[in-house]
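Enquirer: I'd like to ask you about the structure that follows.
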Amino acid sequence: MPDDSANAGPVSRRTLLRLGAAGGAGAALVAAQGWGAPFLAQRGLLSADGAFAATSTALSDGFFYLEKFPTSPLIISPFTDPLPIPRALAPVLKSAYSAWSNPPGPGTGQQNSLRNERHQCWPGQIGYPDPIVYKIDVLLRTHAFTTSQVLPIDADGKPTASFDSAGTTYSPGTVRTLPLSTIYGFNGTFPGPMINAEYGKPALVRFENHLDENPLNLDRQDFGSPDWSFLTHLHNGHTAPESDGNPHYSMVSGPKHPGFLPQLWVDNLYLNWPAGGDDREKQSFFWFHDHTMDHTGSNVYKGLVGLYPIYDPKNGMDMGDERRGLRLPGVRTDNPDGSFDVKYDIPLAFSDFRLDDGDTVHKDIHDGLGEFPAARNPAKHPEWWGKTFYKHFPNHGFVGDMFTVNGTASPVLEVKRRKYRFRFLDASVSRIYEFKLMSSTLGPKSSASLGYKDDELEGQYRIEDGQQCIQFTQIASDGGLLPFPIKRDSFELWPAKRREVIVDFTRYQDGTPTTKGDVIYLTNVLKMPNGRMWSNSSRFFPDPNYKVPMLKFVIGDNAPDDSQIPAPQMPLRPLPPLPNNWRNLLDNRLIFEVKRGSLGGETEWLINGKPFDPTTVLTSLKNKAGATPPARQKKNSFNLWEIRNGGGGWVHPFHLHMEEHRTVMRNGKDVTSAGNPGHPDDVSKEDLVALDPDESVIIYRGFRDFVGPYVAHCHNLAHEDHAMMFGWEITP
């Protein structure tokens, strides 16, 4: 590292982004900071003749997008750690929370610790009982991804040197035990707690920030919200804006600061009430995650992920009891503490990570030159070897090379010979998965031992002889139960999307019964070397050798099973009807185009050519009626919105807060009846628009029950954190 880099003092990251337009002023700032020629040339900020390259292209490509990632050490004994299955969080007793110095309630000032907000709708206003109260602390803690020993390898898959926090260097070939990674966790765990909720029973969750406390004297490393603030979004609860975790809400309405800083609390009220009080709008699986502006990706990656299945007790339809209603797999136990657990109903949260190799230079301006001066970047960090590595400014998004399920890399689950319900969640920053259930005679082989290198090492193991052996029966998407079940050989899972499936472990798809000890692998078959998009897909360019096992199922004993797989075309939950005249709304639809911009850095990803402005409601592109209306809708209205992918060979998982939508058109074709082969979830309700390259999707959605500001954004969190988000609002 050139000596000049050591002279780079703290400077605002947004200040640096303005250098491209600053001309002489930009050069003066460079001189004032003492950034010499070697420092600038290393980042492409000097032209060939040594002049200051004050262009946005130089800033973006030279400074921010040095796409060097470490290779995580190889897990030597995969599929030995048991899959963590979360237990339901216990609520707080009324006698306990009533004694809090600031108990929850509906009054003015009772929604947060700053005493400047109240709940827009208390449950009694809709005929519901007072909420069940939960308490979740946001904590600085540690996490182990595996108990297996690991072999440090380089990008060629060869053994390489490794390091420890004391500065010791270990020679290539030395087997190591991973150090614990530092996390921010809801109640200090990753994933955080699971709240099993029910429609008709509101929940109030007090989130309290303790990120300033460091009882274990942990190194925070160089990512995560630098002021230790947080916001929590229940994705995609039908929630009033003050409880929604809108990253801009505090700037325009509520607490008037960027987030809930250490020692502050907020009471998020989740009414567990369907939009418009319509049973057809009920959902079945939420999750909650951090939503701090500019730092959502880093905070989610650092561990702020929680689970929130929601059940429907009405007529026993879907209450976790397989003897009633739809008879979906699940054996419910009501616990003395007021919570309930459902056996054979298992959430699976998928995240990918990279672990530091101690030799990769951390070059992000976001860290050592701005908000993390203590991180000493640009620099190598051997003291962080084996701990999570994060790059805030990658060009394509962030993808890891170590895949985890419920926070554990390559876990194993022994299943009974019966049917299970699995709730899939993609909690990754950018990665898209495609899952199959496969058998393998040879079993997993490390990608390194098979001769793969670089991006082909992602996932660490392969079952190249894998063959599909069991089908999925999909019963739900991110909008809740489907209108009818769908048999699937495989399915894609995009960031933030949820899909729920039933798997029958008693027999293979050819009718052959399973036997105790049989092994089946949940396998990812979609190769995504960066956050841009896949390099293979069964819809486009399948790679027969890319079969990465992520979860090992081992068939166990028989078990009682009162559940049923819904028959084809069996109604699960009817869709809310579209109006007969929905096409009449097309000329006046609101249009939003997501596209990479030219400035780069913090404002690389734009919507309608503009970066996110937390104080402004975005304006639509011109529609056929010649209007450019603002993204402002009347309470209890409905409308068509169009979301366009502006091109460039990117995919975008685009998420809209507060209500689900129905896709009515994709690329100009009506999909309301036949759907779309590449996007079968188009026949259901969703809260996320999966945009393939250059696609245009028109959705129909409502804006019911609440008023105030909300957001819509790309859920490739690297895109969201770099301005691909817009504000919209509901007015009285």
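Going by the structure tokens order, chains are called A, B, ..., each with residues numbered from 1, while ligands are numbered from 1 in the order shown.
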With a distance cut-off of 10 Å and only C-alpha atoms, select the neighbouring residues of Leu590 (chain A), excluding the residue or stretch itself and same-chain residues fewer than 3 positions from it, and output the selection as a count of residues only.

Expert: 20

Enquirer: Based on the backbone DSSP call, show me all residues of region 437-573 of chain A assigned helix (DSSP H, G or I), as a PDB file with N, CA and C atoms, in the first residue's frame.

Expert:
ATOM      1  N   ASP A 454     -12.000 -19.683  -8.825  1.00  0.00           N
ATOM      2  CA  ASP A 454     -12.616 -18.363  -8.808  1.00  0.00           C
ATOM      3  C   ASP A 454     -14.113 -18.463  -8.476  1.00  0.00           C
ATOM      4  N   ASP A 455     -14.969 -17.855  -9.322  1.00  0.00           N
ATOM      5  CA  ASP A 455     -16.399 -17.833  -9.028  1.00  0.00           C
ATOM      6  C   ASP A 455     -17.008 -19.226  -8.966  1.00  0.00           C
ATOM      7  N   GLU A 456     -16.392 -20.194  -9.643  1.00  0.00           N
ATOM      8  CA  GLU A 456     -16.939 -21.547  -9.653  1.00  0.00           C
ATOM      9  C   GLU A 456     -16.789 -22.232  -8.289  1.00  0.00           C
ATOM     10  N   LEU A 457     -16.029 -21.618  -7.390  1.00  0.00           N
ATOM     11  CA  LEU A 457     -15.897 -22.177  -6.040  1.00  0.00           C
ATOM     12  C   LEU A 457     -17.085 -21.818  -5.154  1.00  0.00           C
TER      13      LEU A 457
END

Enquirer: Hey, which of A:Arg423, A:Arg280, A:Arg488, A:His657 ends up closest to Tyr308 (chain A)? Count only C-alpha atoms.

Expert: A:Arg423

Enquirer: If I take CA of Arg499 (chain A) and CA of Arg666 (chain A), how far is one from the other in Å, to one decimal?

Expert: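 Calculated distance between CA of Arg499 (chain A) and CA of Arg666 (chain A) is 20.5 Å.
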
Enquirer: Write out, as JSON lines, each residue of region 371-406 of chain A that has an atom at most 9 Å from region 717-724 of chain A, together with the closest pair of atoms and their distance in Å to one decimal, counting only C-alpha atoms, rows going by chain and rising number.

Expert:
{"residue": "A:His392", "atom": "CA", "partner": "A:Ala718", "partner_atom": "CA", "distance": 7.1}
{"residue": "A:Phe393", "atom": "CA", "partner": "A:Ala718", "partner_atom": "CA", "distance": 7.5}
{"residue": "A:Pro394", "atom": "CA", "partner": "A:Ala718", "partner_atom": "CA", "distance": 7.7}
{"residue": "A:Asn395", "atom": "CA", "partner": "A:Ala718", "partner_atom": "CA", "distance": 8.6}
{"residue": "A:His396", "atom": "CA", "partner": "A:Ala718", "partner_atom": "CA", "distance": 8.0}
{"residue": "A:Gly397", "atom": "CA", "partner": "A:Ala718", "partner_atom": "CA", "distance": 5.1}
{"residue": "A:Phe398", "atom": "CA", "partner": "A:Ala718", "partner_atom": "CA", "distance": 6.7}

Enquirer: Create the file for the chosen residues now, containing C-alpha atoms and written as a JSON list (two decimals), in the first residue's frame.

Expert:
[["chain", "number", "residue", "atom", "x", "y", "z"],
["A", 392, "HIS", "CA", -20.38, -1.91, 0.51],
["A", 393, "PHE", "CA", -19.51, -0.58, -2.93],
["A", 394, "PRO", "CA", -19.37, -3.56, -5.30],
["A", 395, "ASN", "CA", -20.50, -2.74, -8.81],
["A", 396, "HIS", "CA", -22.78, -5.71, -9.27],
["A", 397, "GLY", "CA", -24.07, -6.31, -5.78],
["A", 398, "PHE", "CA", -22.74, -8.58, -3.07]]

Enquirer: To one decimal place in Å, what is the distance between CA of Arg583 (chain A) and CA of Tyr700 (chain A)?

Expert: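 So the answer is 10.3 Å.
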
Enquirer: Excluding same-chain residues fewer than 5 positions from Cys469 (chain A), what lies within 9 Å of it counting only C-alpha atoms, as a PyMOL selection string?

Expert: chain A and resi 436-439+508-510+520

Enquirer: When you count only C-alpha atoms, which of these residues is closest to Asn524 (chain A): A:Ile432, A:Leu481, A:Leu140, A:Leu450?

Expert: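 Of A:Ile432, A:Leu481, A:Leu140, A:Leu450, the one nearest Asn524 (chain A), counting only C-alpha atoms, is A:Ile432.
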
Enquirer: Have a look at CA of Asn268 (chain A) and CA of Val707 (chain A) and let me know their distance in Å, one decimal.

Expert: 16.1 Å

Enquirer: Show me, as a list in words, the residues that have an atom within 10 Å of Val300 (chain A) when counting only C-alpha atoms, minus same-chain residues fewer than 6 positions from it.

Expert: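 Here the qualifying residues turn out to be Ile183, Tyr184, Gly185, Phe190, Pro191, Gly224, Phe288, His289, Asp290, His291, Thr292, Gly306, Ser351, Ala427, Ser428, Val429 and Leu717 of chain A.
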
Enquirer: Please, which residues of region 294-484 of chain A, numbered as in this document, come out strand (DSSP E) from DSSP, as a ChimeraX atom specification?

Expert: /A:305-311,331-334,340-343,345-355,388-389,402-405,408-409,412-417,419-426,433-439,445-446,461-462,467-470,472-477,480-484

Enquirer: Might you pull out every residue within 10 Å of Ser165 (chain A), with only C-alpha atoms counted and same-chain residues fewer than 6 positions away left off, and present them as an MDAnalysis selection string?

Expert: chainID A and resid 179 358 381:385

Enquirer: Restricting the calculation to only C-alpha atoms, which member of A:His679, A:Lys527, A:His655, A:Arg589 is positioned closest to Ala625 (chain A)?

Expert: A:Arg589

Enquirer: Show me, as a PyMOL selection string, the residues that have an atom within 7 Å of Tyr170 (chain A) when counting only C-alpha atoms, minus same-chain residues fewer than 6 positions from it.

Expert: chain A and resi 161-163

Enquirer: Near Thr473 (chain A), within 9 Å and counting only C-alpha atoms, which residues show up once chain neighbours fewer than 2 positions away are dropped, as a ChimeraX atom specification?

Expert: /A:471,475,485-489,500-504,565-566

Enquirer: Could those selected residues go to a file with N, CA and C atoms, as a PDB file, in the first residue's frame?

Expert:
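What ended up in out-v1.pdb:
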ATOM      1  N   GLN A 471     -40.479 -34.034  -6.069  1.00  0.00           N
ATOM      2  CA  GLN A 471     -41.030 -32.747  -6.469  1.00  0.00           C
ATOM      3  C   GLN A 471     -41.485 -31.950  -5.243  1.00  0.00           C
ATOM      4  N   ILE A 475     -47.414 -24.138  -2.150  1.00  0.00           N
ATOM      5  CA  ILE A 475     -48.724 -23.750  -1.628  1.00  0.00           C
ATOM      6  C   ILE A 475     -48.825 -22.244  -1.361  1.00  0.00           C
ATOM      7  N   PRO A 485     -52.614 -25.165  -5.567  1.00  0.00           N
ATOM      8  CA  PRO A 485     -51.221 -25.634  -5.465  1.00  0.00           C
ATOM      9  C   PRO A 485     -50.587 -25.835  -6.837  1.00  0.00           C
ATOM     10  N   ILE A 486     -49.247 -25.789  -6.861  1.00  0.00           N
ATOM     11  CA  ILE A 486     -48.497 -25.975  -8.098  1.00  0.00           C
ATOM     12  C   ILE A 486     -47.414 -27.026  -7.852  1.00  0.00           C
ATOM     13  N   LYS A 487     -47.381 -28.064  -8.685  1.00  0.00           N
ATOM     14  CA  LYS A 487     -46.288 -29.036  -8.643  1.00  0.00           C
ATOM     15  C   LYS A 487     -45.060 -28.425  -9.305  1.00  0.00           C
ATOM     16  N   ARG A 488     -43.921 -28.519  -8.636  1.00  0.00           N
ATOM     17  CA  ARG A 488     -42.719 -27.883  -9.150  1.00  0.00           C
ATOM     18  C   ARG A 488     -41.551 -28.859  -9.114  1.00  0.00           C
ATOM     19  N   ASP A 489     -40.830 -28.962 -10.232  1.00  0.00           N
ATOM     20  CA  ASP A 489     -39.545 -29.651 -10.219  1.00  0.00           C
ATOM     21  C   ASP A 489     -38.483 -28.787  -9.543  1.00  0.00           C
ATOM     22  N   GLU A 500     -43.545 -21.202  -0.058  1.00  0.00           N
ATOM     23  CA  GLU A 500     -43.823 -22.300   0.862  1.00  0.00           C
ATOM     24  C   GLU A 500     -44.185 -23.541   0.060  1.00  0.00           C
ATOM     25  N   VAL A 501     -43.611 -24.661   0.490  1.00  0.00           N
ATOM     26  CA  VAL A 501     -43.808 -25.911  -0.235  1.00  0.00           C
ATOM     27  C   VAL A 501     -44.098 -27.030   0.747  1.00  0.00           C
ATOM     28  N   ILE A 502     -44.732 -28.068   0.228  1.00  0.00           N
ATOM     29  CA  ILE A 502     -44.892 -29.331   0.950  1.00  0.00           C
ATOM     30  C   ILE A 502     -43.984 -30.357   0.297  1.00  0.00           C
ATOM     31  N   VAL A 503     -43.244 -31.097   1.115  1.00  0.00           N
ATOM     32  CA  VAL A 503     -42.388 -32.176   0.640  1.00  0.00           C
ATOM     33  C   VAL A 503     -42.828 -33.460   1.338  1.00  0.00           C
ATOM     34  N   ASP A 504     -43.109 -34.478   0.542  1.00  0.00           N
ATOM     35  CA  ASP A 504     -43.502 -35.796   1.059  1.00  0.00           C
ATOM     36  C   ASP A 504     -42.260 -36.685   1.072  1.00  0.00           C
ATOM     37  N   ILE A 565     -51.590 -33.477   1.020  1.00  0.00           N
ATOM     38  CA  ILE A 565     -51.121 -32.608  -0.058  1.00  0.00           C
ATOM     39  C   ILE A 565     -52.340 -32.155  -0.839  1.00  0.00           C
ATOM     40  N   PRO A 566     -52.550 -30.860  -0.942  1.00  0.00           N
ATOM     41  CA  PRO A 566     -53.727 -30.394  -1.684  1.00  0.00           C
ATOM     42  C   PRO A 566     -53.722 -30.934  -3.117  1.00  0.00           C
TER      43      PRO A 566
END

Enquirer: Mind dumping a table of every region 450-497 of chain A residue within 10 Å of region 680-691 of chain A, with the nearest atom pair and its distance in Å to one decimal, using only C-alpha atoms, sorted by chain and rising number, as JSON lines?

Expert:
{"residue": "A:Gln474", "atom": "CA", "partner": "A:Asp681", "partner_atom": "CA", "distance": 10.0}
{"residue": "A:Ala476", "atom": "CA", "partner": "A:Ser684", "partner_atom": "CA", "distance": 8.4}
{"residue": "A:Ser477", "atom": "CA", "partner": "A:Asp681", "partner_atom": "CA", "distance": 6.8}
{"residue": "A:Asp478", "atom": "CA", "partner": "A:Glu686", "partner_atom": "CA", "distance": 5.2}
{"residue": "A:Gly479", "atom": "CA", "partner": "A:Glu686", "partner_atom": "CA", "distance": 4.3}
{"residue": "A:Gly480", "atom": "CA", "partner": "A:Lys685", "partner_atom": "CA", "distance": 7.1}
{"residue": "A:Leu481", "atom": "CA", "partner": "A:Ser684", "partner_atom": "CA", "distance": 8.1}
{"residue": "A:Leu482", "atom": "CA", "partner": "A:Ser684", "partner_atom": "CA", "distance": 5.6}
{"residue": "A:Pro483", "atom": "CA", "partner": "A:Ser684", "partner_atom": "CA", "distance": 6.7}
{"residue": "A:Phe484", "atom": "CA", "partner": "A:Ser684", "partner_atom": "CA", "distance": 9.2}
{"residue": "A:Ile486", "atom": "CA", "partner": "A:Pro680", "partner_atom": "CA", "distance": 8.9}
{"residue": "A:Phe491", "atom": "CA", "partner": "A:Pro680", "partner_atom": "CA", "distance": 9.2}
{"residue": "A:Leu493", "atom": "CA", "partner": "A:Ala690", "partner_atom": "CA", "distance": 9.8}
{"residue": "A:Trp494", "atom": "CA", "partner": "A:Ala690", "partner_atom": "CA", "distance": 7.4}
{"residue": "A:Pro495", "atom": "CA", "partner": "A:Leu688", "partner_atom": "CA", "distance": 9.1}
{"residue": "A:Ala496", "atom": "CA", "partner": "A:Leu688", "partner_atom": "CA", "distance": 7.8}
{"residue": "A:Lys497", "atom": "CA", "partner": "A:Leu688", "partner_atom": "CA", "distance": 6.9}

Enquirer: Using only C-alpha atoms, pick whichever of A:Ala409, A:Val617, A:Ala349, A:Val525 has the shortest atom-to-atom distance to Thr147 (chain A).

Expert: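 With only C-alpha atoms as the atom set, the closest residue is A:Ala409.
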